[in-house]
Structure formats: C-alpha cells, structure tokens
file work_12.csv (CSV, C-alpha atoms)
chain,number,residue,atom,x,y,z
G,1,MET,CA,0.0,0.0,0.0
G,2,ASP,CA,1.1,3.5,-0.6
G,3,PRO,CA,1.6,5.8,2.4
G,4,CYS,CA,-0.9,8.2,0.8
G,5,GLU,CA,-3.6,5.5,1.0
G,6,ILE,CA,-2.9,5.0,4.7
G,7,GLU,CA,-3.1,8.7,5.1
G,8,PHE,CA,-6.5,8.5,3.5
G,9,ILE,CA,-7.6,5.8,5.9
G,10,GLY,CA,-6.2,7.8,8.8
G,11,GLU,CA,-8.1,10.9,7.7
G,12,ASN,CA,-11.3,9.3,8.9
G,13,ARG,CA,-10.3,9.7,12.6
G,14,ILE,CA,-12.6,12.1,14.5
G,15,ILE,CA,-11.0,15.3,15.9
G,16,SER,CA,-12.4,18.3,17.6
G,17,ILE,CA,-12.6,21.8,15.9
G,18,ILE,CA,-14.0,25.2,16.8
G,19,PRO,CA,-15.7,26.7,13.7
G,20,ASN,CA,-16.0,30.4,13.1
G,21,PHE,CA,-19.2,30.2,11.1
G,22,THR,CA,-22.7,28.9,11.7
G,23,TYR,CA,-24.3,26.3,9.5
G,24,ASP,CA,-26.8,23.4,9.6
G,25,LYS,CA,-26.1,19.8,10.0
G,26,ILE,CA,-24.2,18.2,7.1
G,27,TYR,CA,-24.9,14.7,5.9
G,28,LEU,CA,-21.9,12.7,4.8
G,29,ILE,CA,-21.4,9.0,3.9
G,30,CYS,CA,-19.4,8.5,7.1
G,31,GLY,CA,-22.1,10.1,9.2
G,32,GLU,CA,-23.8,13.4,10.0
G,33,PHE,CA,-21.9,16.2,11.6
G,34,GLY,CA,-23.0,19.5,13.0
G,35,PRO,CA,-24.8,21.8,13.4
G,36,PHE,CA,-21.9,24.2,13.3
G,37,ARG,CA,-22.1,27.0,15.8
G,38,ALA,CA,-19.4,29.7,15.7
G,39,GLY,CA,-17.2,29.3,18.8
G,40,LEU,CA,-18.6,26.0,20.0
G,41,PRO,CA,-16.3,22.9,19.6
G,42,LEU,CA,-17.6,19.9,17.7
G,43,ASN,CA,-16.3,16.7,16.3
G,44,VAL,CA,-15.6,16.1,12.6
G,45,PRO,CA,-13.5,13.8,10.6
G,46,LEU,CA,-9.8,14.8,10.1
G,47,TRP,CA,-10.2,15.4,6.4
G,48,LEU,CA,-13.1,17.8,6.9
G,49,ALA,CA,-11.2,19.6,9.6
G,50,MET,CA,-8.2,20.0,7.3
G,51,MET,CA,-10.4,21.3,4.5
G,52,LEU,CA,-12.1,23.9,6.8
G,53,LYS,CA,-8.8,24.9,8.2
G,54,GLN,CA,-7.3,25.5,4.8
G,55,LYS,CA,-10.3,27.8,4.1
G,56,GLN,CA,-9.7,29.6,7.4
G,57,LYS,CA,-13.1,28.5,8.7
G,58,CYS,CA,-12.1,26.9,11.9
G,59,ARG,CA,-9.5,26.4,14.6
G,60,ILE,CA,-8.3,22.9,15.5
G,61,VAL,CA,-8.4,21.6,19.0
G,62,PRO,CA,-5.2,19.6,19.3
G,63,PRO,CA,-5.8,16.0,20.5
G,64,ASP,CA,-5.0,15.3,24.2
G,65,TRP,CA,-1.9,13.4,23.3
G,66,MET,CA,-0.4,16.2,21.3
G,67,ASP,CA,1.2,17.7,24.4
G,68,ILE,CA,4.9,17.9,25.3
G,69,ASP,CA,4.7,16.1,28.6
G,70,VAL,CA,2.6,13.3,27.3
G,71,LEU,CA,4.9,12.8,24.3
G,72,GLU,CA,8.1,13.0,26.5
G,73,ASN,CA,6.7,10.2,28.6
G,74,ILE,CA,5.9,8.1,25.6
G,75,LYS,CA,9.4,8.7,24.2
G,76,GLU,CA,11.1,7.8,27.4
G,77,GLU,CA,9.0,4.6,27.7
G,78,GLU,CA,9.7,3.7,24.1
G,79,LYS,CA,13.4,4.1,24.7
G,80,ARG,CA,13.4,2.0,27.8
G,81,SER,CA,11.3,-0.8,26.6
G,82,ARG,CA,12.6,-3.6,24.4
G,83,PHE,CA,9.2,-4.0,22.9
G,84,PHE,CA,6.9,-1.6,21.2
G,85,THR,CA,4.8,0.5,23.5
G,86,LYS,CA,1.2,1.4,22.8
G,87,MET,CA,0.8,4.6,20.9
G,88,PRO,CA,-2.0,7.0,21.9
G,89,ASN,CA,-3.4,6.8,18.4
G,90,GLU,CA,-3.5,4.2,15.7
G,91,HIS,CA,-2.6,6.8,13.1
G,92,TYR,CA,-0.5,9.1,15.2
G,93,MET,CA,1.9,9.8,12.4
G,94,VAL,CA,-0.8,10.8,9.9
G,95,GLU,CA,-2.6,12.9,12.4
G,96,ALA,CA,0.6,14.7,13.5
G,97,LYS,CA,1.7,15.3,10.0
G,98,LEU,CA,-1.6,16.7,8.8
G,99,ILE,CA,-2.4,18.8,11.9
G,100,LEU,CA,1.2,20.2,12.3
G,101,GLY,CA,1.4,20.8,8.6
G,102,ALA,CA,-1.8,22.7,8.1
G,103,ALA,CA,-2.6,24.1,11.6
G,104,ALA,CA,0.7,24.5,13.4
G,105,GLU,CA,-0.4,27.8,14.9
G,106,ASP,CA,-3.3,26.0,16.7
G,107,VAL,CA,-1.0,23.7,18.6
G,108,PRO,CA,1.1,25.1,21.5
G,109,ASN,CA,4.9,24.4,21.1
G,110,SER,CA,4.3,22.9,17.7
G,111,SER,CA,7.9,22.8,16.6
G,112,GLU,CA,9.0,20.9,19.8
G,113,ILE,CA,6.1,18.5,19.4
G,114,LYS,CA,7.1,18.0,15.8
G,115,THR,CA,10.6,17.1,16.9
G,116,ILE,CA,9.5,14.7,19.6
G,117,ILE,CA,7.1,12.9,17.3
G,118,LYS,CA,9.8,12.5,14.8
G,119,ASP,CA,12.1,11.1,17.5
G,120,ILE,CA,9.5,8.6,18.6
G,121,TRP,CA,9.0,7.6,14.9
G,122,ASP,CA,12.7,7.2,14.4
G,123,ILE,CA,13.1,5.1,17.6
G,124,ARG,CA,10.3,2.9,16.6
G,125,MET,CA,11.5,2.4,13.1
G,126,SER,CA,15.0,1.5,14.2
G,127,LYS,CA,13.5,-0.9,16.7
G,128,LEU,CA,11.5,-2.4,14.0
G,129,ARG,CA,14.5,-3.0,11.8
G,130,THR,CA,16.6,-4.6,14.6
G,131,SER,CA,13.7,-6.8,15.7
G,132,MET,CA,13.1,-7.9,12.1
G,133,ASP,CA,16.7,-9.0,11.8
G,134,ALA,CA,16.5,-10.7,15.2
G,135,LEU,CA,13.3,-12.5,14.1
G,136,MET,CA,14.9,-13.9,11.0
G,137,LYS,CA,18.0,-15.0,12.9
G,138,SER,CA,16.0,-16.7,15.6
G,139,GLY,CA,14.1,-18.8,13.1
G,140,GLY,CA,11.6,-16.6,11.5
G,141,GLY,CA,8.6,-18.8,12.2
G,142,TYR,CA,6.3,-16.1,13.4
G,143,GLY,CA,6.4,-12.6,14.8
G,144,ARG,CA,4.1,-10.6,17.0
G,145,LEU,CA,3.2,-7.1,15.8
G,146,ASP,CA,1.7,-5.8,19.1
G,147,HIS,CA,1.1,-2.0,19.1
G,148,LEU,CA,2.5,-1.4,15.7
G,149,THR,CA,0.6,1.2,13.7
G,150,MET,CA,-0.6,0.7,10.2
G,151,MET,CA,2.0,3.0,8.7
G,152,GLU,CA,4.8,1.1,10.5
G,153,ILE,CA,3.5,-2.3,9.4
G,154,ASN,CA,3.2,-1.1,5.9
G,155,SER,CA,6.8,-0.1,5.8
G,156,VAL,CA,8.0,-3.7,6.2
G,157,LYS,CA,5.4,-5.1,4.0
G,158,PRO,CA,6.9,-6.5,0.9
G,159,LEU,CA,10.2,-7.5,2.6
G,160,LEU,CA,9.3,-9.4,5.8
G,161,PRO,CA,6.3,-11.5,4.6
G,162,ALA,CA,8.2,-12.4,1.4
G,163,ALA,CA,11.2,-13.4,3.4
G,164,MET,CA,9.1,-15.6,5.7
G,165,ASP,CA,7.4,-17.1,2.7
G,166,ASN,CA,10.7,-17.9,1.1
G,167,LEU,CA,12.0,-19.5,4.3
G,168,LEU,CA,9.0,-21.7,4.6
G,169,ARG,CA,9.2,-22.6,0.9
G,170,ILE,CA,12.8,-23.7,1.2
G,171,GLN,CA,11.9,-25.7,4.3
G,172,MET,CA,9.0,-27.4,2.7
G,173,LYS,CA,10.8,-28.2,-0.5
G,174,THR,CA,13.9,-29.6,1.0
G,175,LYS,CA,12.0,-31.6,3.7
G,176,LYS,CA,9.5,-33.1,1.3
G,177,THR,CA,12.2,-34.9,-0.6
G,178,ALA,CA,13.6,-36.5,2.5
G,179,PRO,CA,13.1,-40.3,2.3
G,180,THR,CA,9.7,-40.4,3.8
G,181,SER,CA,7.2,-42.5,1.8
G,182,SER,CA,4.3,-41.6,4.1
G,183,LEU,CA,1.5,-39.1,3.6
G,184,ASN,CA,1.8,-35.3,3.4
G,185,THR,CA,0.8,-34.9,7.0
G,186,SER,CA,4.2,-36.1,8.1
G,187,SER,CA,6.0,-33.3,6.2
G,188,PHE,CA,3.8,-30.8,7.9
G,189,SER,CA,4.6,-32.0,11.4
G,190,GLN,CA,8.3,-32.2,10.4
G,191,SER,CA,8.4,-28.6,9.3
G,192,GLY,CA,6.7,-27.6,12.5
G,193,THR,CA,9.2,-29.1,14.8
G,194,SER,CA,12.4,-28.3,12.8
G,195,GLN,CA,12.3,-24.6,13.6
G,196,HIS,CA,15.6,-24.7,15.4
G,197,THR,CA,17.7,-26.3,12.7
B,1,MET,CA,8.6,-31.1,-9.8
B,2,GLU,CA,5.6,-30.3,-7.8
B,3,ASN,CA,5.1,-26.8,-6.3
B,4,THR,CA,6.8,-25.1,-9.2
B,5,SER,CA,4.9,-23.3,-11.8
B,6,TYR,CA,5.5,-24.9,-15.2
B,7,LEU,CA,5.6,-21.7,-17.2
B,8,SER,CA,7.5,-19.6,-14.7
B,9,ILE,CA,10.5,-18.0,-16.5
B,10,GLN,CA,12.3,-17.9,-13.3
B,11,ASP,CA,12.0,-21.6,-12.8
B,12,ILE,CA,13.0,-22.3,-16.4
B,13,LEU,CA,16.2,-20.3,-15.9
B,14,VAL,CA,16.9,-22.1,-12.7
B,15,THR,CA,16.5,-25.6,-14.2
B,16,ASN,CA,18.8,-24.5,-17.1
B,17,GLU,CA,21.7,-24.2,-14.8
B,18,LYS,CA,24.2,-27.1,-15.1
B,19,VAL,CA,24.9,-29.7,-12.5
B,20,PRO,CA,27.8,-32.2,-12.5
B,21,CYS,CA,26.6,-35.8,-13.0
B,22,LYS,CA,28.0,-39.3,-13.3
B,23,PHE,CA,26.5,-41.6,-15.9
B,24,LEU,CA,25.9,-45.1,-14.4
B,25,HIS,CA,25.1,-46.9,-17.7
B,26,ASP,CA,26.2,-47.0,-21.3
B,27,LEU,CA,23.9,-44.9,-23.3
B,28,PRO,CA,23.9,-45.8,-27.0
B,29,LYS,CA,23.9,-42.8,-29.5
B,30,MET,CA,24.2,-40.3,-26.7
B,31,GLY,CA,27.8,-39.4,-27.3
B,32,PHE,CA,26.9,-35.9,-28.5
B,33,LEU,CA,26.2,-34.9,-24.9
B,34,ASP,CA,29.9,-35.1,-24.1
B,35,PRO,CA,31.7,-32.6,-26.4
B,36,SER,CA,35.0,-34.3,-25.9
B,37,ALA,CA,33.8,-37.8,-26.7
B,38,THR,CA,34.9,-39.3,-30.0
B,39,GLU,CA,32.5,-42.3,-30.0
B,40,GLU,CA,28.8,-42.4,-30.7
B,41,ASP,CA,27.9,-44.0,-27.4
B,42,LEU,CA,28.2,-42.5,-24.0
B,43,LYS,CA,30.2,-44.8,-21.7
B,44,ALA,CA,29.2,-45.5,-18.1
B,45,GLY,CA,31.3,-43.6,-15.6
B,46,THR,CA,31.5,-40.4,-17.7
B,47,HIS,CA,31.4,-37.2,-15.7
B,48,LEU,CA,29.5,-34.5,-17.4
B,49,ASP,CA,27.8,-31.1,-16.6
B,50,ILE,CA,24.2,-31.3,-17.8
B,51,PRO,CA,21.3,-29.0,-17.3
B,52,LEU,CA,19.2,-29.6,-14.2
B,53,TRP,CA,16.0,-30.4,-16.2
B,54,LEU,CA,17.8,-33.2,-18.0
B,55,ALA,CA,19.4,-34.4,-14.9
B,56,GLU,CA,16.1,-34.5,-13.1
B,57,SER,CA,14.4,-36.7,-15.7
B,58,LEU,CA,17.4,-39.0,-16.1
B,59,TYR,CA,17.7,-39.4,-12.4
B,60,SER,CA,14.0,-40.2,-11.8
B,61,ARG,CA,14.1,-43.2,-14.2
B,62,ARG,CA,14.0,-46.6,-12.6
B,63,PRO,CA,16.8,-47.6,-12.3
B,64,PRO,CA,18.4,-44.1,-12.4
B,65,LEU,CA,20.7,-43.6,-15.4
B,66,ILE,CA,22.8,-41.0,-13.6
B,67,SER,CA,23.9,-40.0,-10.1
B,68,VAL,CA,23.8,-36.3,-9.5
B,69,GLU,CA,26.6,-34.6,-7.6
B,70,LEU,CA,26.4,-31.4,-5.7
B,71,PRO,CA,27.5,-28.2,-7.5
B,72,LYS,CA,30.5,-26.7,-5.8
B,73,ILE,CA,28.7,-24.0,-3.9
B,74,TYR,CA,26.7,-26.6,-2.0
B,75,LYS,CA,29.7,-28.7,-1.2
B,76,GLU,CA,31.3,-29.2,2.3
B,77,SER,CA,33.9,-26.4,1.9
B,78,TYR,CA,31.5,-23.8,0.7
B,79,ARG,CA,29.0,-24.9,3.3
B,80,GLU,CA,31.6,-24.1,6.0
B,81,ILE,CA,32.2,-20.6,4.5
B,82,LEU,CA,28.4,-20.0,4.4
B,83,GLY,CA,28.1,-21.2,8.0
B,84,ALA,CA,30.9,-18.9,9.2
B,85,ASP,CA,29.5,-15.7,7.6
B,86,ALA,CA,27.1,-15.9,4.7
B,87,CYS,CA,27.1,-12.2,4.2
B,88,THR,CA,30.6,-12.1,2.8
B,89,VAL,CA,29.8,-14.4,-0.1
B,90,ASP,CA,29.1,-12.8,-3.5
B,91,MET,CA,26.0,-14.8,-4.4
B,92,HIS,CA,25.6,-13.3,-7.8
B,93,LYS,CA,29.0,-14.7,-8.8
B,94,LEU,CA,28.8,-18.1,-7.1
B,95,GLY,CA,25.2,-19.0,-7.4
B,96,LYS,CA,22.8,-16.7,-9.1
B,97,TYR,CA,19.9,-19.0,-8.1
B,98,PHE,CA,21.3,-20.2,-4.9
B,99,TYR,CA,18.1,-20.9,-3.0
B,100,GLU,CA,16.0,-22.2,-5.9
B,101,MET,CA,18.7,-24.5,-7.2
B,102,GLY,CA,19.4,-25.6,-3.6
B,103,CYS,CA,15.8,-26.8,-3.3
B,104,TYR,CA,16.3,-29.0,-6.3
B,105,VAL,CA,19.7,-30.5,-5.4
B,106,ALA,CA,19.0,-30.9,-1.7
B,107,LYS,CA,17.7,-34.4,-2.2
B,108,HIS,CA,21.0,-35.5,-3.8
B,109,ASP,CA,22.9,-34.6,-0.7
B,110,ILE,CA,23.4,-37.8,1.3
B,111,LYS,CA,24.1,-36.1,4.6
B,112,GLY,CA,21.0,-33.9,4.3
B,113,GLU,CA,22.9,-30.7,5.4
B,114,VAL,CA,22.1,-28.6,2.4
B,115,SER,CA,18.6,-27.9,3.7
B,116,ALA,CA,20.0,-26.4,6.9
B,117,THR,CA,22.6,-24.5,5.0
B,118,LEU,CA,20.0,-22.9,2.8
B,119,MET,CA,17.9,-21.8,5.6
B,120,ASN,CA,20.8,-20.5,7.7
B,121,THR,CA,22.2,-18.6,4.7
B,122,PHE,CA,18.8,-17.0,4.1
B,123,ARG,CA,18.5,-16.0,7.7
B,124,GLN,CA,21.9,-14.5,7.9
B,125,ARG,CA,21.6,-12.7,4.6
B,126,PHE,CA,18.3,-11.1,5.5
B,127,ARG,CA,20.3,-8.3,7.1
B,128,MET,CA,21.9,-7.6,3.7
B,129,LEU,CA,18.4,-7.2,2.2
B,130,LEU,CA,17.5,-4.8,4.9
B,131,SER,CA,20.5,-2.6,4.4
B,132,ALA,CA,20.3,-2.8,0.6
B,133,SER,CA,16.7,-1.5,0.8
B,134,VAL,CA,17.7,1.7,2.6
B,135,SER,CA,21.2,2.2,1.1
B,136,ASN,CA,21.8,5.2,-1.0
B,137,ASP,CA,24.5,3.4,-2.9
B,138,SER,CA,22.2,0.9,-4.4
B,139,ILE,CA,24.5,-0.5,-7.0
B,140,SER,CA,27.3,-1.7,-4.7
B,141,SER,CA,24.8,-3.0,-2.1
B,142,MET,CA,22.8,-4.9,-4.7
B,143,GLN,CA,25.9,-6.4,-6.3
B,144,PRO,CA,26.5,-9.5,-4.0
B,145,LEU,CA,22.8,-10.4,-3.9
B,146,SER,CA,21.4,-13.4,-5.7
B,147,GLU,CA,18.6,-13.0,-8.3
B,148,SER,CA,15.7,-13.6,-6.0
B,149,GLU,CA,17.3,-11.4,-3.3
B,150,ARG,CA,17.7,-8.6,-5.7
B,151,VAL,CA,14.0,-8.7,-6.5
B,152,GLN,CA,13.1,-8.6,-2.9
B,153,ALA,CA,15.5,-5.8,-2.1
B,154,ALA,CA,14.2,-3.7,-5.0
B,155,ALA,CA,10.6,-4.1,-3.8
B,156,ALA,CA,11.6,-3.1,-0.3
B,157,ALA,CA,13.5,-0.1,-1.6
B,158,THR,CA,10.4,1.0,-3.5
B,159,THR,CA,8.3,1.0,-0.3
B,160,GLU,CA,11.1,2.8,1.5
B,161,ARG,CA,11.2,5.5,-1.1
B,162,ALA,CA,7.5,6.0,-1.0
B,163,LEU,CA,7.5,6.4,2.7
B,164,ALA,CA,10.4,8.9,2.6
B,165,MET,CA,8.5,10.9,0.0
B,166,TRP,CA,5.4,10.9,2.1
B,167,LEU,CA,7.3,12.1,5.2
B,168,GLN,CA,9.1,14.8,3.3
B,169,ARG,CA,6.4,16.6,1.3
B,170,GLY,CA,3.7,18.6,3.0
B,171,GLU,CA,0.8,17.9,0.8
B,172,SER,CA,0.4,14.9,-1.4
B,173,PRO,CA,-0.4,15.9,-4.9
B,174,LEU,CA,-3.3,13.9,-6.4
B,175,THR,CA,-2.3,11.6,-9.3
B,176,ALA,CA,-4.3,9.3,-11.4
B,177,ALA,CA,-4.3,5.7,-10.4
B,178,ASN,CA,-2.3,3.4,-12.6
B,179,MET,CA,-5.3,1.6,-13.9
B,180,VAL,CA,-7.0,4.9,-14.9
B,181,ALA,CA,-3.8,6.3,-16.5
B,182,ASN,CA,-3.4,3.2,-18.6
B,183,HIS,CA,-6.9,3.1,-19.8
B,184,ARG,CA,-7.3,3.2,-23.5
B,185,LYS,CA,-9.7,6.1,-23.7
B,186,ARG,CA,-7.5,8.2,-21.5
B,187,LYS,CA,-4.5,7.5,-23.7
B,188,ARG,CA,-6.4,8.3,-26.9
B,189,ALA,CA,-7.5,11.6,-25.4
B,190,GLU,CA,-3.9,12.4,-24.7
B,191,MET,CA,-2.8,11.5,-28.2
B,192,GLU,CA,-5.5,13.7,-29.7
B,193,MET,CA,-4.4,16.6,-27.6
B,194,LEU,CA,-0.8,16.4,-28.9
call {"tool": "encode", "arguments": {"input": "work_12.csv", "output": "structure tokens"}}
result
Amino acid sequence: MDPCEIEFIGENRIISIIPNFTYDKIYLICGEFGPFRAGLPLNVPLWLAMMLKQKQKCRIVPPDWMDIDVLENIKEEEKRSRFFTKMPNEHYMVEAKLILGAAAEDVPNSSEIKTIIKDIWDIRMSKLRTSMDALMKSGGGYGRLDHLTMMEINSVKPLLPAAMDNLLRIQMKTKKTAPTSSLNTSSFSQSGTSQHT
Amino acid sequence: MENTSYLSIQDILVTNEKVPCKFLHDLPKMGFLDPSATEEDLKAGTHLDIPLWLAESLYSRRPPLISVELPKIYKESYREILGADACTVDMHKLGKYFYEMGCYVAKHDIKGEVSATLMNTFRQRFRMLLSASVSNDSISSMQPLSESERVQAAAAATTERALAMWLQRGESPLTAANMVANHRKRKRAEMEML
C-alpha cells in the first residue's frame, strides 16, 4: 500500500474543531456532523477539519496526546522498553503530519512537538529493523506485531512477509524430498518441529 | 517437480543451470552430450555437466541412469564458508539462483545438510536485504545479492522511497491511479491533444 492510501484511511479519525461560522447539520457518507455554531467545539473527521482549516473556517483543538509532557513520557518509555509500546493513536503519524502541517499555529509548542514525534517515529523504526533482523536470525517462524501502527506495518510489507514465505518454501521443498514415503501430513509436522535447525 | 509453476520463466532459468553428473550406464547414440567424446555411445562412468532439467528426468528413471553430484557452492567447503559468515559471499557470482537451485539439489545430498545451510544462509543474509533497501549506494549493495534477493531488495527499496517521499512533502499531490492512466480512452484523449 502507498503511504498516501494509509493517510486516506487515517483521515477518517474524528477530531475536535472550533468553527467560526454557523451552519446546519451536514450529511456525509461517514455520518452526520454539525450543526456548526461559531465558537462552539464539535467533532468532525480529520479530512473535513483539514479542509475547513485551509479555508480559514475553523480552529483545530489539538488532541490530548499532542502535548509535550505526554509525548516526552511516551518517548522515554519507548526508549526504555525492548518491545513496542502502545501509541496514543493508531494513526499518530498521519494525524501529527496533517495537523502540524496545516494548523501548526493552533498547537502550542508545535515545533517541539514535531521534533518529539519525529524522535518517537525514528526510535520505533530502528527498533522495527533490529527486531526484524532478530526475528529472522532466531528462526523466522512467526512474529508478534503488538502495538505497531498501520504505517509502520506497511513499511516492512513486501520484505518481511516475502522473506518468511521464502524461508517456509525452502523448508517445505527440502524436507519433502527427504526419504519419507508416508503421507503429506508427516511433512507438515516435520516442518513444524524443525524450527531450530 | 511439484510446487513449481511450469511456465515460470524464473523456474525455467533455474533448471537450465548445469549440475555435475556421473553416468551409471552405457547410453547408445548419446555421445553428443559429451563434447570431448569421440564415439557415438556414451560410456558408463563419464562425468558431465548437464542442465538440471535433463538431470532430473534421467535421475527419476527406474533404475536411475545417472547420479547427481552437488554443484560446488553446496559442497562441504562452501557450506563451511556460508556457515561462518554468509554475508561475505558474493552470491551473484557463485550461485545466481542459490536458493531455488538448492531446493532441487538438496535431495542428492546424502548427509542432508544442504537444507539447513540454505535456511541459515537465508536468515543471515536477510540483514543484507534490509541494508540494501535503505542504502543510497544501491549498486554496490545490490551487487552481492542473488537474483531472488535482488527482486526482494528492490521491492523493499520502493516502499522505503514511497515512505520517505510521504514524510518529506507537505501535501500529497493527487495523481491518477495506474489503472486509470493506462486506460485506452485516456490514452487516446492524450494522443489527440498532442
């Protein structure tokens, strides 16, 4: 998948805005939003918020997690832990990129936040690479993807599944020809137990 | 062989690689297989390099007409090198189709160690794929990879580039999907405009 497509999926997240105009309810495929009252916060999808912001029709209320202290904590924990920690948001990177790109003035300390989020992203990506290598070295049978966001999973997509596929194919092909005249089931159980070869 | 697609070009290329064989019987009128032979018949005990597809079919006869020996990259000495550090080996020079070929010849290995070598090699060399996918100097990092590894590394590099592009640019410009761009009507419209 292209990162733009994931951005598209991520744009369906609901965020809070403060409009500066008054308008009736609007009816969209993903639901009905409104009515818009100038000065009163309401929830809309991210893409709509971006559109209104670009037309200078609203102010964006930054999400709770877009705060220096919260992000510092996440970063520290991410550094300390050997595993991936839970992110505050399944599409944190998309949301951060869009909001900080179009509405940086609505977020207090936006440039620091930008740096911290980039740090978190870099830490997680390097962790992902090392754990991928470790996974292949240790056998490459299966891996857990706890707390990885969609964008991160997508970044390893053609490489890791293809490598695991290849490994399994080599295993199956070379085992099948071993002198066993029994049924196929035996080759399955063989490949299951020979992980540590 | 089962599990391989008959019309796959990749597989055809793999089975066209030569393997060393020893003929176990006299074969009448087959002397042309050995370019150095002067007689019409092929004598038992001749050592020859023949393509894998021919070797497979001669070997699977009952009784087998040939015995297949391992190509040198799968032999003991190379297995030791691969076991020590697989990343130092230039696969493109030594065995373009290392893994695919290995799957075919593994059954001719009496000790049954080829299978383990193949898997260990793949696991160790996975790191090379990773670094080749992010490397700026793609030519030198792709050089020692085998054919199938190159395909994988190239695919990974494409994703990596797309992600870097996405992170860099502020707004993503809209482009037509591939399917739409390749559509005949669209192409004709473009042609007429020119």
call {"tool": "atom_distance", "arguments": {"input": "work_12.csv", "atom1": "CA of Met50 in chain G", "atom2": "CA of Cys4 in chain G"}}
result
15.3 Å
call {"tool": "closest_residue", "arguments": {"input": "work_12.csv", "among": "G:Pro161, G:Gly101, G:Gly143, G:Pro19", "to": "chain B", "atoms": "only C-alpha atoms"}}
result
G:Gly101
call {"tool": "closest_atom_pairs", "arguments": {"input": "work_12.csv", "of": "range 9-62 of chain B", "to": "range 104-121 of chain B", "cutoff": "9 Å", "atoms": "only C-alpha atoms", "output": "CSV"}}
result
residue,atom,partner,partner_atom,distance
B:Thr15,CA,B:Tyr104,CA,8.6
B:Val19,CA,B:Val105,CA,8.8
B:Leu52,CA,B:Tyr104,CA,8.4
B:Glu56,CA,B:Tyr104,CA,8.7
call {"tool": "closest_atom_pairs", "arguments": {"input": "work_12.csv", "of": "chain B", "to": "chain G", "cutoff": "8 Å", "atoms": "all atoms listed in the file", "output": "CSV"}}
result
residue,atom,partner,partner_atom,distance
B:Tyr99,CA,G:Ile170,CA,7.3
B:Glu100,CA,G:Ile170,CA,7.9
B:Cys103,CA,G:Thr174,CA,5.5
B:Tyr104,CA,G:Thr174,CA,7.7
B:Ala106,CA,G:Thr174,CA,5.9
B:Lys107,CA,G:Thr177,CA,5.7
B:Ser115,CA,G:Thr174,CA,5.7
B:Ala116,CA,G:Thr197,CA,6.2
B:Leu118,CA,G:Ile170,CA,7.4
B:Met119,CA,G:Leu167,CA,6.5
B:Phe122,CA,G:Leu167,CA,7.2
B:Arg123,CA,G:Met136,CA,5.3
B:Gln124,CA,G:Lys137,CA,6.4
B:Phe126,CA,G:Asp133,CA,6.8
B:Arg127,CA,G:Asp133,CA,6.0
B:Leu130,CA,G:Arg129,CA,7.7
B:Gln152,CA,G:Leu159,CA,6.3
B:Ala153,CA,G:Leu159,CA,7.3
B:Ala155,CA,G:Pro158,CA,6.4
B:Ala156,CA,G:Leu159,CA,5.5
B:Thr159,CA,G:Ser155,CA,6.4
B:Glu160,CA,G:Ser155,CA,6.7
B:Ala162,CA,G:Pro3,CA,6.8
B:Leu163,CA,G:Pro3,CA,5.9
B:Trp166,CA,G:Pro3,CA,6.4
B:Gly170,CA,G:Gly101,CA,6.4
B:Ser172,CA,G:Cys4,CA,7.2
call {"tool": "atom_distance", "arguments": {"input": "work_12.csv", "atom1": "CA of Pro88 in chain G", "atom2": "CA of Asn20 in chain G"}}
result
28.7 Å
call {"tool": "closest_residue", "arguments": {"input": "work_12.csv", "among": "G:Lys55, G:Arg13, G:Lys86, G:Lys127", "to": "Ile74 in chain G", "atoms": "only C-alpha atoms"}}
result
G:Lys86
